[in-house]
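Asks: Take this structure first; my questions come after.
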Amino acid sequence: MNRAPVVTGLGCLCAAGNGLPEVVRALEAGVRRCAPPARFTADLERVYPVFEITSALDESSATGGRTRPSRCSRLALLATLEACREAGLESGELRRRRVGVCLGTTVGCTLNDEPFYREFKQGAGPKLEPIHRYLANNPALFLAETLGLSGPVATLANACSSGTDAVGLARSWLRGGLCELVIAGGTDELSRITYLGFIHLLIAAQEPCRPFDAGRTGLNLGEGAGVLILETRESARERGARALATVAGYGCAADAWHPTAPHPEGKGLRRAIGQALLDAGTRADKVDFINAHGTSTPDNDRIEGAALADLFPHAPPVVATKAFTGHTLGAAGGIEAVLTVQALRDQRLPATPGFERPDPACRITPTTRNIALRAEVGLSDSLAFGGTNSALVLRRED
Amino acid sequence: MALAIIGVGTVCALGCGVGALRAGLRGEARPEVEVHDIATPGGVVRLPVYMARPDGLERFMPKRSLRRVDRFARMALLASFLALEDAGIEPADRARVGIVFGSGYGPLQTTFDFQDSMIDFGDKCASPTHFANSVHNAPAAQVSMALRIEGPCQTVTCFEWTTAGVLKTAQAWLSEGVVDYVLAGVGEEYCPLRGYAAAGLGAGGDCAIAPFDFERCTYAPGEGFAAFLLRDDAVADAQYGRIEDVRVSQDAALIKERLETHQAVFLAACGAKQEGAAYRKITFEGLNYAAHAPLYGSMPVGLGFELAAAALSIADRRLYLRPSARADAKAEGAAPSQTLSAGAALACVQAVGDSGYALISLREVGGHADPAAMRKMCCEGGWMNENWNISGLILEGICGSGKTTILHSLLRSERFVLRSFPSSIVLSEHQTQRVLERKERETGLTPEDNVGLLEQHVSYLEAARDRLTQMEWCENKRTNMRVPYLLERFHFTHVCHYSHVTWEHVSPIDHRLAKLDCKLCLLVIPDELLRERIITGRDSAWHDYLKRYGATDEEILQYYTTQQNILRDLLARSELETRIIDTGAATIDQAMTQVLDFWGAV
């Protein structure tokens, strides 16, 4: 029996678009919306652009519980509703079935209400509304409560690989029989705190990012959510849902090296990819394209590029979709998994904007134009602070 | 699949290790509870706080390597080391070990330390170190680095659902054969804002935590970390019992039905009034209930501490009912413990959300600790203390700062010469930098030339360290047998001296040196002595050499002033423990003594 769960629905919001069709159009047209942050300011000498969702979010469905949902929770909910629509899941069915939710995030699980903390620090005795809001907005719990889900719930906080790991854990839940369907992916919102944090780590760029380019100077933060509906093949068949892809394999491995820098030889990444391929029962030469982590930081791209060049000597096309979305942290793995499935579905891969000049140290050249694929298998990988590396192998369904 | 608990490590207000927890469960020790005065809009609230003391980490790691590790990660590290030591196991392949940690709130203090840096010093001076440590997975990352665990490494954060999520993840990895062992742990950290929030939500006053008083709020924040080494039950001897079931359910009737098959129920009830209704639905006559929050404090991951208490009950074959048993079942304190039946099951339950429950079912399966394995402490197997075998010092400084003089003097000093273990590695600037001069003159250098030279030296040091780690020697002699290594000029000089070398080129070298227990001493010349040290006090050959840096004395002095400033700036970027020593304010002997005292290795 094929125990690999299938993907039956996709949802995505990010700076590239409010919903997956808009995102796909932006990628196809090479449109990048990278600009100075609009929702906050910082007292810095330079401006670091971000990929921010500037259009208004649909508030109608984002009512949640007793407390106003955070932006992070609303992004997760909107992406979930889009994915559910495609999967043919209505709220009643979500409540009837044993449905789990597994989401990655970083900002969404952190108590970082700056005005509240400033008041507290000044001894002004602030009201506890931000605490209530924080307690009510753990992304996975928020979705479980809002949608009335009865399956397992987990929010993963593995920094930048959280979304990939969430899809991987959801896959385990389904294979282990914990539930029949999982809402999986990642969500994150832009925050002044992470903005300043990345700038002071000296890995934020003052220009739109340029993944794998010789002149790359760093990343641009972004925000958004990417959600996949995963279910057992039996569940999909029973519901009459169309399988878009299978989550064929997943791997995760630690560098055990440095709190923020990747292992110089990409040790953990190589092992994570190896595990994912093994888990999928496939080989490196069967991978038809890769959606790389590609943050555009000097270290990440050099190390990831070298690892991919070694592991995939047949040089499958590599795209770095962060050039369209920015680095959405805990959402990145979810968004990139969605876009990988979409590429399998459309058999098309966009160009990687910002890339102009190959860097010999990276040893790979990402897509320089939109290309048609004949792809059965796509790989999406993530590297994270703390030395976590994760990879998903996604297989096309006919 | 069932999980065997083969090692437990705890850090909480009772102290560190299962011994401290056991003493608390037996009523032989009391937690250290601080009373904090919390200013709220309604007045000052006196709040009991269960503060953990992560003392003893130095037994497992060099103190210096903890320099940038925050308190929360220290608790996680200590609990992890203790769990491994308790298990007495050394997995052969560390890529086959996974880490899954969980926390309801994450590293709170460091989160606010970062915000403090923004507020106190402005956006331009926010601390990158605090930011990097404030991510929720920082403790798991620190443990993976310290223990060199290379399997999957993840962090779950879901308030009261966290502990169940952690165990479910461990179960998935083991059942899918991804790993052979999982180091699973949960923890929380206290910080003043958490106290403020607790006070605002009704905690505080003079009352102790009363877990079974469902009408009052007796919440008192706690902190700590509980770690478990887990294996597939089919292949392990479960001295602490076998986790047979982990589930989260909204169905109180189902949970109640399941509890009936257990000899006792350990509730993670922690005095929060809003959880009372949920607990009331699942307590009934005829079953032993205990709650141990009065020993470790109130926290979202209390279920992990109840699991530790249950694991100890199974290992000791005693049902620990202190300090708080359900009043109508057993008078509080009247039955400190009962004998645990062979094959008995204990349930650990925590209320989650408004009306849900997380349940862990743990069964005694006749496992026993292997005395031989228990003797095999982790530190003998290379899990830790790798750096204790080797310890280095880099002497950096511009020309005339006294590096060579101090190096000579240090090598002749009694402290260095009369060491009981005579091995040492000493590389002067000829080996660390000047060996490149010919190539520089003839063909020019690339960053790869510079980094390649440094890498060769570091690789040798790593190989030496690894050889020493593999030696079989007694633990108690280990700290006396460190091999000292001295490097005159190293990566700082390459960044400072060669315009084509940047910090990014050498930062991996810096990181590797940090793992080799390396310190760095920057010798500086005060401005008023620069002219004497660099120009007037030197011979004519030297003056000819200096002309490459400027046509006039002023230009040359400006060059060296800039060089010295660059070296100072690099201190902030290095992971190494560093010290500036002003050689203008001390004699050579005094400066050498300062260097030796700072180094501390000889």
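Convention: chains lettered A, B, ... in structure tokens order; per-chain residue numbering from 1; ligands numbered from 1 as shown.
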Please provide the set of residues having any atom within 8 Å of range 387-389 of chain A, restricted to only C-alpha atoms, with same-chain residues fewer than 6 positions apart removed, written as a list of chain:residue names.
Replies: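 Once the nearby chain positions are removed, what remains is A:Asn158, A:Ser161, A:Cys252, A:Ala253, A:Ala254, A:Asp255, A:Ala256, A:Trp257, A:His258, A:Pro259, A:Thr260, A:Ala261, A:Pro262, A:His263, A:Gly268, A:Leu269, A:Ala272, A:Asp381, B:Ala141, B:Pro152, B:Cys153, B:Gln154.
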Asks: Include N, CA and C atoms and write out the residues we just selected as a PDB file, in the first residue's frame.
Replies:
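The resulting result-v1.pdb:
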```
ATOM      1  N   ASN A 158      10.903  25.920  14.465  1.00  0.00           N
ATOM      2  CA  ASN A 158      12.275  25.540  14.104  1.00  0.00           C
ATOM      3  C   ASN A 158      12.890  26.627  13.239  1.00  0.00           C
ATOM      4  N   SER A 161      13.108  26.614   8.997  1.00  0.00           N
ATOM      5  CA  SER A 161      12.674  25.353   8.397  1.00  0.00           C
ATOM      6  C   SER A 161      11.321  24.911   8.953  1.00  0.00           C
ATOM      7  N   CYS A 252      15.224  15.317   7.867  1.00  0.00           N
ATOM      8  CA  CYS A 252      15.611  16.444   8.723  1.00  0.00           C
ATOM      9  C   CYS A 252      16.891  16.047   9.452  1.00  0.00           C
ATOM     10  N   ALA A 253      17.860  16.939   9.502  1.00  0.00           N
ATOM     11  CA  ALA A 253      19.116  16.619  10.196  1.00  0.00           C
ATOM     12  C   ALA A 253      19.748  17.902  10.713  1.00  0.00           C
ATOM     13  N   ALA A 254      20.434  17.772  11.832  1.00  0.00           N
ATOM     14  CA  ALA A 254      21.059  18.940  12.461  1.00  0.00           C
ATOM     15  C   ALA A 254      22.519  19.040  12.062  1.00  0.00           C
ATOM     16  N   ASP A 255      22.980  20.283  11.980  1.00  0.00           N
ATOM     17  CA  ASP A 255      24.405  20.513  11.727  1.00  0.00           C
ATOM     18  C   ASP A 255      25.232  20.271  12.986  1.00  0.00           C
ATOM     19  N   ALA A 256      24.628  20.531  14.152  1.00  0.00           N
ATOM     20  CA  ALA A 256      25.364  20.490  15.425  1.00  0.00           C
ATOM     21  C   ALA A 256      26.627  21.338  15.313  1.00  0.00           C
ATOM     22  N   TRP A 257      26.443  22.531  14.840  1.00  0.00           N
ATOM     23  CA  TRP A 257      27.620  23.321  14.470  1.00  0.00           C
ATOM     24  C   TRP A 257      27.609  24.734  15.055  1.00  0.00           C
ATOM     25  N   HIS A 258      26.605  25.530  14.756  1.00  0.00           N
ATOM     26  CA  HIS A 258      26.638  26.956  15.114  1.00  0.00           C
ATOM     27  C   HIS A 258      25.208  27.452  15.293  1.00  0.00           C
ATOM     28  N   PRO A 259      24.985  28.413  16.201  1.00  0.00           N
ATOM     29  CA  PRO A 259      23.610  28.883  16.426  1.00  0.00           C
ATOM     30  C   PRO A 259      22.977  29.535  15.201  1.00  0.00           C
ATOM     31  N   THR A 260      23.768  30.224  14.391  1.00  0.00           N
ATOM     32  CA  THR A 260      23.144  30.937  13.271  1.00  0.00           C
ATOM     33  C   THR A 260      23.754  30.602  11.912  1.00  0.00           C
ATOM     34  N   ALA A 261      24.958  30.117  11.882  1.00  0.00           N
ATOM     35  CA  ALA A 261      25.604  29.868  10.581  1.00  0.00           C
ATOM     36  C   ALA A 261      25.461  28.407  10.179  1.00  0.00           C
ATOM     37  N   PRO A 262      25.285  28.158   8.884  1.00  0.00           N
ATOM     38  CA  PRO A 262      25.215  26.759   8.441  1.00  0.00           C
ATOM     39  C   PRO A 262      26.589  26.095   8.503  1.00  0.00           C
ATOM     40  N   HIS A 263      26.587  24.783   8.566  1.00  0.00           N
ATOM     41  CA  HIS A 263      27.855  24.048   8.536  1.00  0.00           C
ATOM     42  C   HIS A 263      28.578  24.381   7.233  1.00  0.00           C
ATOM     43  N   GLY A 268      24.595  18.851   7.509  1.00  0.00           N
ATOM     44  CA  GLY A 268      23.226  18.491   7.870  1.00  0.00           C
ATOM     45  C   GLY A 268      22.296  18.528   6.666  1.00  0.00           C
ATOM     46  N   LEU A 269      22.492  19.516   5.805  1.00  0.00           N
ATOM     47  CA  LEU A 269      21.632  19.642   4.620  1.00  0.00           C
ATOM     48  C   LEU A 269      21.782  18.416   3.724  1.00  0.00           C
ATOM     49  N   ALA A 272      19.944  15.591   5.330  1.00  0.00           N
ATOM     50  CA  ALA A 272      18.485  15.768   5.270  1.00  0.00           C
ATOM     51  C   ALA A 272      17.963  15.416   3.884  1.00  0.00           C
ATOM     52  N   ASP A 381      13.889  22.406  -0.102  1.00  0.00           N
ATOM     53  CA  ASP A 381      14.726  22.250   1.094  1.00  0.00           C
ATOM     54  C   ASP A 381      14.789  23.543   1.897  1.00  0.00           C
TER      55      ASP A 381
ATOM     56  N   ALA B 141      19.000  23.732  19.650  1.00  0.00           N
ATOM     57  CA  ALA B 141      20.224  23.895  18.861  1.00  0.00           C
ATOM     58  C   ALA B 141      21.456  23.819  19.757  1.00  0.00           C
ATOM     59  N   PRO B 152      17.410  14.574  13.498  1.00  0.00           N
ATOM     60  CA  PRO B 152      16.443  15.670  13.436  1.00  0.00           C
ATOM     61  C   PRO B 152      16.396  16.437  14.748  1.00  0.00           C
ATOM     62  N   CYS B 153      16.128  17.728  14.642  1.00  0.00           N
ATOM     63  CA  CYS B 153      16.175  18.589  15.829  1.00  0.00           C
ATOM     64  C   CYS B 153      15.008  19.567  15.717  1.00  0.00           C
ATOM     65  N   GLN B 154      14.012  19.408  16.561  1.00  0.00           N
ATOM     66  CA  GLN B 154      12.801  20.219  16.388  1.00  0.00           C
ATOM     67  C   GLN B 154      12.278  20.753  17.719  1.00  0.00           C
TER      68      GLN B 154
END
```
Asks: Residues of chain B within 8 Å of chain A, counting only C-alpha atoms - could you list those as an MDAnalysis selection string?
Replies: chainID B and resid 39:41 95 105:106 108 111:112 115 119 122:128 131:133 135:138 140:142 144:158 161:162 165 169 172 193 197 200 248:250 508 511
Asks: Give me the residues within 9 Å of range 569-581 of chain B as a VMD selection string, counting only C-alpha atoms and dropping any in the same chain fewer than 2 places off.
Replies: chain B and resid 64 to 65 67 to 68 492 495 to 496 503 507 510 to 511 513 to 514 517 to 525 564 to 567 583 to 586 591 594 to 595 598
Asks: Would you export the selected residues with C-alpha atoms as a tab-separated table (two decimals), in the first residue's frame, please?
Replies:
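Ended up saving to again-v3.tsv:
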```
chain	number	residue	atom	x	y	z
B	64	ARG	CA	33.88	29.43	28.77
B	65	SER	CA	31.75	27.71	26.17
B	67	ARG	CA	29.50	32.49	27.67
B	68	ARG	CA	26.80	33.21	25.09
B	492	PHE	CA	42.56	38.60	13.18
B	495	VAL	CA	41.71	40.28	8.24
B	496	CYS	CA	43.61	43.30	9.48
B	503	TRP	CA	35.75	38.67	8.52
B	507	SER	CA	34.53	33.48	10.71
B	510	ASP	CA	36.88	31.58	14.47
B	511	HIS	CA	34.02	29.19	15.15
B	513	LEU	CA	38.69	27.76	17.30
B	514	ALA	CA	35.85	28.39	19.74
B	517	ASP	CA	38.63	26.08	23.73
B	518	CYS	CA	40.61	28.97	22.33
B	519	LYS	CA	40.97	32.42	23.89
B	520	LEU	CA	42.39	35.49	22.30
B	521	CYS	CA	44.54	38.17	23.86
B	522	LEU	CA	44.87	41.48	22.05
B	523	LEU	CA	47.98	43.33	23.11
B	524	VAL	CA	47.60	47.06	22.54
B	525	ILE	CA	49.89	50.04	22.60
B	564	GLN	CA	44.96	48.57	16.01
B	565	ASN	CA	41.42	49.91	15.77
B	566	ILE	CA	40.49	47.20	13.27
B	567	LEU	CA	41.80	44.55	15.66
B	583	THR	CA	51.36	46.59	27.25
B	584	GLY	CA	52.16	50.21	27.86
B	585	ALA	CA	50.85	50.01	31.39
B	586	ALA	CA	52.76	46.91	32.46
B	591	ALA	CA	51.80	41.53	31.02
B	594	GLN	CA	48.03	38.84	32.92
B	595	VAL	CA	48.09	36.74	29.77
B	598	PHE	CA	43.47	35.11	31.45
```
Asks: Expressed in Å to a single decimal, how great is the separation between CA of Arg98 in chain A and CA of Ala331 in chain A?
Replies: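 So the two atoms, CA of Arg98 in chain A and CA of Ala331 in chain A, lie 24.1 Å apart.
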Asks: For each of B:Tyr357, B:Tyr190, B:Tyr320, B:Trp542, take the minimum atom-to-atom distance to Thr339 in chain B, counting only C-alpha atoms, then give the residue where this is smallest.
Replies: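 Using only C-alpha atoms, the shortest distance to Thr339 in chain B belongs to B:Tyr320.
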Asks: Give me the residues within 6 Å of range 418-433 of chain B as a compact mmCIF listing (two decimals) with N, CA and C atoms, in the first residue's frame, counting only C-alpha atoms and dropping any in the same chain fewer than 4 places off.
Replies:
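Saved result, around-v4.txt, follows:
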```
# COMPACT_ATOMS: atom_id res chain seq x y z
N GLU B 414 57.81 29.51 34.63
CA GLU B 414 57.67 28.30 35.46
C GLU B 414 56.34 27.61 35.22
N MET B 481 45.31 17.35 32.11
CA MET B 481 46.06 16.85 30.97
C MET B 481 45.72 17.61 29.70
N VAL B 483 46.31 19.81 26.60
CA VAL B 483 47.45 20.22 25.78
C VAL B 483 47.27 21.70 25.44
N PRO B 484 48.21 22.53 25.87
CA PRO B 484 48.07 23.94 25.52
C PRO B 484 48.61 24.22 24.12
N TYR B 485 47.95 25.11 23.43
CA TYR B 485 48.50 25.55 22.15
C TYR B 485 48.50 27.06 22.09
N LEU B 486 49.57 27.57 21.54
CA LEU B 486 49.76 29.02 21.47
C LEU B 486 49.94 29.43 20.01
N LEU B 487 49.23 30.43 19.60
CA LEU B 487 49.33 30.91 18.23
C LEU B 487 49.66 32.39 18.26
N GLU B 488 50.79 32.73 17.69
CA GLU B 488 51.12 34.15 17.60
C GLU B 488 50.57 34.67 16.28
N ARG B 489 49.68 35.56 16.34
CA ARG B 489 48.95 36.11 15.19
C ARG B 489 48.17 35.00 14.50
N PHE B 490 46.90 35.28 14.27
CA PHE B 490 46.12 34.26 13.56
C PHE B 490 45.09 34.94 12.67
```
Asks: Skip Lys256 in chain B itself and residues of its chain fewer than 3 positions away, then list as a VMD selection string all residues within 9 Å of it, counting only C-alpha atoms.
Replies: chain B and resid 251 to 253 259 to 260 281 to 284
Asks: Provide the CA of Pro91 in chain B to CA of Val235 in chain B distance in Å, to one decimal place.
Replies: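 Computing the Euclidean distance for CA of Pro91 in chain B and CA of Val235 in chain B yields 13.3 Å.
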Asks: Excluding same-chain residues fewer than 3 positions from Gly276 in chain B, what lies within 9 Å of it counting only C-alpha atoms, as a count of residues only?
Replies: 14
Asks: Which neighbours of range 245-249 of chain A fall inside 10 Å, counting only C-alpha atoms, when residues of the same chain fewer than 4 positions from it are skipped, and could you give them as a ChimeraX atom specification?
Replies: /A:2-9,167-168,170-171,230-233,273-282,337,340-342,344-345,376-379,391-398
